[in-house]
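Visitor: Below you will find the structure I want to go over with you.
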There are 2 protein chains.
Amino acid sequence: MNMREFSAQSGLSAHTLRYYEKIGLLPGIQRNASGHRAFTSRDLEWVNFIVRLKDTGMSLGNILAYSKLRAAGDSTLGRRQHILEEHRDALKTRIETEQLHLKALDAKITHYRSLKAP
Amino acid sequence: MNMREFSAQSGLSAHTLRYYEKIGLLPGIQRNASGHRAFTSRDLEWVNFIVRLKDTGMSLGNILAYSKLRAAGDSTLGRRQHILEEHRDALKTRIETEQLHLKALDAKITHYRSLKAP
DNA sequence: ATGCAGGTTAGAGCTAACTCTAAGTCAAGG
DNA sequence: CCTTGACTTAGAGTTAGCTCTAACCTGCAT
């Protein structure tokens with residue numbers, strides 16, 4: 001898979017993908033004879049997971065830490081599981097908080113409505 | 001209410017509060033004889049609402065736009081209601097997306113568990 | 001052989017949202 | 001009178017995460 005297709009598949013710009021590789025988030029990307037990146041479907045799975053972590057509020061720094069454990073092999077499975085569990089719990093809490101915010105916004109909107117058509 | 005107490009009540013640092021006032025998010029803050037800010041409980045309600053919008057992903061730029069409408073008086077009620085409704089809908093969508101992410105994380109963690117204790 | 005599409009690099013530049021610094025004012029207590 | 005501490009300002013500095021630029025390669029079609 002070339003850069004164009006990988007960018008389309010992942011939803012990230014070529015600029016962003018090169019940046020991710022540069023900071024170490026995408027280790028082991030192969031190159032073809034002319035020095036162009038040759039992405040695999042495994043790379044795609046990994047970058048999709050990165051996006052999931054990012055979209056749920058994990059910083060690139062923390063994702064990088066996870067990435068390094070992953071690159072270090074099976075002996076880090078336990079630590080990786082722990083990181084994911086903590087992140088999952090944080091996400092759960094955030095969703096709950098956001099549901100409270102949603103309720104408060106709904107209440108405010110209802111208040112606006114009552115002012116509009118009294 | 002002086003800066004120290006307002007900062008404690010709002011959970012924002014004095015630096016951040018001055019910054020918010022500077023960019024126009026906190027209009028009409030009164031001053032006492034020696035030029036110090038004198039916050040009211042109405043200011044506190046407003047800054048709490050700002051924090052709610054921010055915590056649900058609204059940029060300070062958009063909050064500022066809302067703030068300017070609020071300062072412009074009752075004639076902007078309809079537009080303010082519209083902004084809130086759009087934001088509420090976006091939040092709803094985001095919560096739903098996050099719930100999918102949560103499920104995916106749970107699945108990944110379950111997978112890790114199965115590797116650990118086969 | 002030439003021009004174009006699609007890559008490559010190092011490194012500069014950008015935006016949002018703070019966060020801090022320096023230098024100063026003011027009121028009250030010892 | 002002098003110090004202490006809480007405040008003030010303008011403006012500089014920081015961080016995260018991109019985003020872009022300039023200059024350069026490479027392979028293919030006209």
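How things are named: the first chain in the structure tokens is A, the next is B, and so on; residues count from 1 in each chain; ligands count from 1 in the order shown.
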Where does chain A meet chain D within 8 Å, residue by residue, with the nearest atom pair and distance in Å to one decimal for each, counting only C-alpha atoms (C1' of nucleotides), listed by chain and rising number, as a Markdown table?
Guide:
| residue | atom | partner | partner_atom | distance |
| --- | --- | --- | --- | --- |
| A:His15 | CA | D:DT19 | C1' | 7.1 |
| A:Thr16 | CA | D:DC18 | C1' | 6.8 |
| A:Ser34 | CA | D:DT26 | C1' | 6.6 |
Visitor: Restrict the distance test to only C-alpha atoms (C1' of nucleotides), flag each residue of chain C within 8 Å of chain B, and return the flagged residues as a count of residues only.
Guide: 3
Visitor: Show which residues sit within 8 Å of region 79-83 of chain A, as a list of chain:residue names. Count only C-alpha atoms (C1' of nucleotides), and ignore same-chain residues fewer than 2 positions away.
Guide: A:Tyr66, A:Leu69, A:Arg70, A:Thr76, A:Leu77, A:Glu85, A:Glu86, A:His87, B:Ile109, B:Tyr112, B:Arg113
Visitor: Could you save the residues just selected, with C-alpha atoms, as an mmCIF file, in the first residue's frame?
Guide:
data_model
loop_
_atom_site.group_PDB
_atom_site.id
_atom_site.type_symbol
_atom_site.label_atom_id
_atom_site.label_comp_id
_atom_site.auth_asym_id
_atom_site.auth_seq_id
_atom_site.Cartn_x
_atom_site.Cartn_y
_atom_site.Cartn_z
ATOM 1 C CA TYR A 66 2.328 1.855 24.727
ATOM 2 C CA LEU A 69 5.952 -1.834 24.944
ATOM 3 C CA ARG A 70 4.255 -3.428 21.954
ATOM 4 C CA THR A 76 5.085 -6.565 28.087
ATOM 5 C CA LEU A 77 1.578 -7.960 27.627
ATOM 6 C CA GLU A 85 -7.570 -0.958 31.609
ATOM 7 C CA GLU A 86 -6.681 2.395 33.149
ATOM 8 C CA HIS A 87 -7.514 4.164 29.927
ATOM 9 C CA ILE B 109 -8.660 -6.073 27.108
ATOM 10 C CA TYR B 112 -5.242 -9.619 26.490
ATOM 11 C CA ARG B 113 -6.778 -11.540 29.415
#
Visitor: List every residue of region 4-58 of chain A that DSSP, applied to the backbone of this structure, places in alpha helix (DSSP H), and write the result as a PDB file with N, CA and C atoms, in the first residue's frame.
Guide:
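See selection.pdb below for the written result:
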ATOM      1  N   ARG A   4      -0.502   7.333  -0.599  1.00  0.00           N
ATOM      2  CA  ARG A   4      -1.823   7.842  -0.982  1.00  0.00           C
ATOM      3  C   ARG A   4      -2.946   6.943  -0.463  1.00  0.00           C
ATOM      4  N   GLU A   5      -2.787   5.651  -0.707  1.00  0.00           N
ATOM      5  CA  GLU A   5      -3.852   4.733  -0.301  1.00  0.00           C
ATOM      6  C   GLU A   5      -3.911   4.588   1.222  1.00  0.00           C
ATOM      7  N   PHE A   6      -2.746   4.523   1.833  1.00  0.00           N
ATOM      8  CA  PHE A   6      -2.713   4.370   3.291  1.00  0.00           C
ATOM      9  C   PHE A   6      -3.332   5.593   3.969  1.00  0.00           C
ATOM     10  N   SER A   7      -3.053   6.750   3.413  1.00  0.00           N
ATOM     11  CA  SER A   7      -3.640   7.982   3.931  1.00  0.00           C
ATOM     12  C   SER A   7      -5.167   7.931   3.820  1.00  0.00           C
ATOM     13  N   ALA A   8      -5.645   7.496   2.666  1.00  0.00           N
ATOM     14  CA  ALA A   8      -7.095   7.399   2.455  1.00  0.00           C
ATOM     15  C   ALA A   8      -7.721   6.394   3.420  1.00  0.00           C
ATOM     16  N   GLN A   9      -7.058   5.234   3.559  1.00  0.00           N
ATOM     17  CA  GLN A   9      -7.598   4.163   4.417  1.00  0.00           C
ATOM     18  C   GLN A   9      -7.611   4.570   5.887  1.00  0.00           C
ATOM     19  N   SER A  10      -6.583   5.282   6.303  1.00  0.00           N
ATOM     20  CA  SER A  10      -6.471   5.608   7.726  1.00  0.00           C
ATOM     21  C   SER A  10      -7.204   6.902   8.086  1.00  0.00           C
ATOM     22  N   ALA A  14      -0.939  12.524   4.729  1.00  0.00           N
ATOM     23  CA  ALA A  14       0.426  12.025   4.541  1.00  0.00           C
ATOM     24  C   ALA A  14       1.377  12.741   5.502  1.00  0.00           C
ATOM     25  N   HIS A  15       1.184  14.054   5.659  1.00  0.00           N
ATOM     26  CA  HIS A  15       1.993  14.831   6.601  1.00  0.00           C
ATOM     27  C   HIS A  15       1.935  14.224   8.006  1.00  0.00           C
ATOM     28  N   THR A  16       0.719  13.967   8.448  1.00  0.00           N
ATOM     29  CA  THR A  16       0.529  13.432   9.803  1.00  0.00           C
ATOM     30  C   THR A  16       1.153  12.046   9.935  1.00  0.00           C
ATOM     31  N   LEU A  17       0.998  11.225   8.906  1.00  0.00           N
ATOM     32  CA  LEU A  17       1.557   9.869   8.965  1.00  0.00           C
ATOM     33  C   LEU A  17       3.087   9.911   9.047  1.00  0.00           C
ATOM     34  N   ARG A  18       3.689  10.808   8.255  1.00  0.00           N
ATOM     35  CA  ARG A  18       5.158  10.940   8.321  1.00  0.00           C
ATOM     36  C   ARG A  18       5.574  11.427   9.713  1.00  0.00           C
ATOM     37  N   TYR A  19       4.781  12.347  10.233  1.00  0.00           N
ATOM     38  CA  TYR A  19       5.062  12.855  11.588  1.00  0.00           C
ATOM     39  C   TYR A  19       4.959  11.720  12.623  1.00  0.00           C
ATOM     40  N   TYR A  20       3.937  10.914  12.523  1.00  0.00           N
ATOM     41  CA  TYR A  20       3.780   9.788  13.449  1.00  0.00           C
ATOM     42  C   TYR A  20       4.962   8.824  13.341  1.00  0.00           C
ATOM     43  N   GLU A  21       5.380   8.574  12.120  1.00  0.00           N
ATOM     44  CA  GLU A  21       6.531   7.677  11.964  1.00  0.00           C
ATOM     45  C   GLU A  21       7.773   8.314  12.598  1.00  0.00           C
ATOM     46  N   LYS A  22       7.947   9.597  12.369  1.00  0.00           N
ATOM     47  CA  LYS A  22       9.132  10.301  12.866  1.00  0.00           C
ATOM     48  C   LYS A  22       9.228  10.233  14.388  1.00  0.00           C
ATOM     49  N   SER A  41      -1.268  -4.211   5.746  1.00  0.00           N
ATOM     50  CA  SER A  41      -2.574  -4.148   6.405  1.00  0.00           C
ATOM     51  C   SER A  41      -2.407  -4.202   7.934  1.00  0.00           C
ATOM     52  N   ARG A  42      -1.290  -4.774   8.353  1.00  0.00           N
ATOM     53  CA  ARG A  42      -0.988  -4.782   9.779  1.00  0.00           C
ATOM     54  C   ARG A  42      -0.692  -3.363  10.277  1.00  0.00           C
ATOM     55  N   ASP A  43       0.015  -2.596   9.422  1.00  0.00           N
ATOM     56  CA  ASP A  43       0.260  -1.190   9.739  1.00  0.00           C
ATOM     57  C   ASP A  43      -1.066  -0.436   9.862  1.00  0.00           C
ATOM     58  N   LEU A  44      -1.993  -0.792   8.986  1.00  0.00           N
ATOM     59  CA  LEU A  44      -3.290  -0.122   8.999  1.00  0.00           C
ATOM     60  C   LEU A  44      -4.049  -0.408  10.302  1.00  0.00           C
ATOM     61  N   GLU A  45      -4.019  -1.680  10.704  1.00  0.00           N
ATOM     62  CA  GLU A  45      -4.667  -2.040  11.982  1.00  0.00           C
ATOM     63  C   GLU A  45      -4.081  -1.235  13.133  1.00  0.00           C
ATOM     64  N   TRP A  46      -2.757  -1.147  13.120  1.00  0.00           N
ATOM     65  CA  TRP A  46      -2.080  -0.447  14.200  1.00  0.00           C
ATOM     66  C   TRP A  46      -2.423   1.042  14.206  1.00  0.00           C
ATOM     67  N   VAL A  47      -2.404   1.663  13.043  1.00  0.00           N
ATOM     68  CA  VAL A  47      -2.691   3.097  13.004  1.00  0.00           C
ATOM     69  C   VAL A  47      -4.158   3.356  13.358  1.00  0.00           C
ATOM     70  N   ASN A  48      -5.025   2.432  13.004  1.00  0.00           N
ATOM     71  CA  ASN A  48      -6.427   2.572  13.404  1.00  0.00           C
ATOM     72  C   ASN A  48      -6.561   2.522  14.929  1.00  0.00           C
ATOM     73  N   PHE A  49      -5.757   1.670  15.534  1.00  0.00           N
ATOM     74  CA  PHE A  49      -5.796   1.585  16.994  1.00  0.00           C
ATOM     75  C   PHE A  49      -5.254   2.876  17.624  1.00  0.00           C
ATOM     76  N   ILE A  50      -4.187   3.402  17.032  1.00  0.00           N
ATOM     77  CA  ILE A  50      -3.645   4.689  17.491  1.00  0.00           C
ATOM     78  C   ILE A  50      -4.733   5.759  17.462  1.00  0.00           C
ATOM     79  N   VAL A  51      -5.466   5.800  16.362  1.00  0.00           N
ATOM     80  CA  VAL A  51      -6.518   6.805  16.220  1.00  0.00           C
ATOM     81  C   VAL A  51      -7.604   6.603  17.280  1.00  0.00           C
ATOM     82  N   ARG A  52      -7.887   5.366  17.581  1.00  0.00           N
ATOM     83  CA  ARG A  52      -8.891   5.084  18.608  1.00  0.00           C
ATOM     84  C   ARG A  52      -8.431   5.622  19.964  1.00  0.00           C
ATOM     85  N   LEU A  53      -7.174   5.345  20.288  1.00  0.00           N
ATOM     86  CA  LEU A  53      -6.646   5.831  21.565  1.00  0.00           C
ATOM     87  C   LEU A  53      -6.640   7.365  21.595  1.00  0.00           C
ATOM     88  N   LYS A  54      -6.204   7.960  20.486  1.00  0.00           N
ATOM     89  CA  LYS A  54      -6.149   9.424  20.405  1.00  0.00           C
ATOM     90  C   LYS A  54      -7.556  10.014  20.544  1.00  0.00           C
ATOM     91  N   ASP A  55      -8.516   9.423  19.844  1.00  0.00           N
ATOM     92  CA  ASP A  55      -9.888   9.946  19.868  1.00  0.00           C
ATOM     93  C   ASP A  55     -10.544   9.778  21.237  1.00  0.00           C
TER      94      ASP A  55
END
Visitor: Got a sec to tell me which of chain B DSSP assigns to strand (DSSP E), as a ChimeraX atom specification?
Guide: /B:30-31,37-38
Visitor: Take the residues from that selection and put them in a file with C-alpha atoms, as a tab-separated table (two decimals), in the first residue's frame.
Guide:
chain	number	residue	atom	x	y	z
B	30	GLN	CA	-16.05	45.08	38.38
B	31	ARG	CA	-13.03	46.59	40.11
B	37	ARG	CA	-11.20	42.56	40.37
B	38	ALA	CA	-14.40	42.12	42.38
Visitor: Between CA of Ile63 (chain A) and CA of Arg88 (chain A), measure the distance and give it in Å to one decimal.
Guide: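 Between CA of Ile63 (chain A) and CA of Arg88 (chain A) the gap works out to 13.6 Å.
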Visitor: Please report the interatomic distance between CA of Ala72 (chain A) and CA of Leu26 (chain A) in Å with one decimal.
Guide: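 Distance between the two atoms: 13.6 Å.
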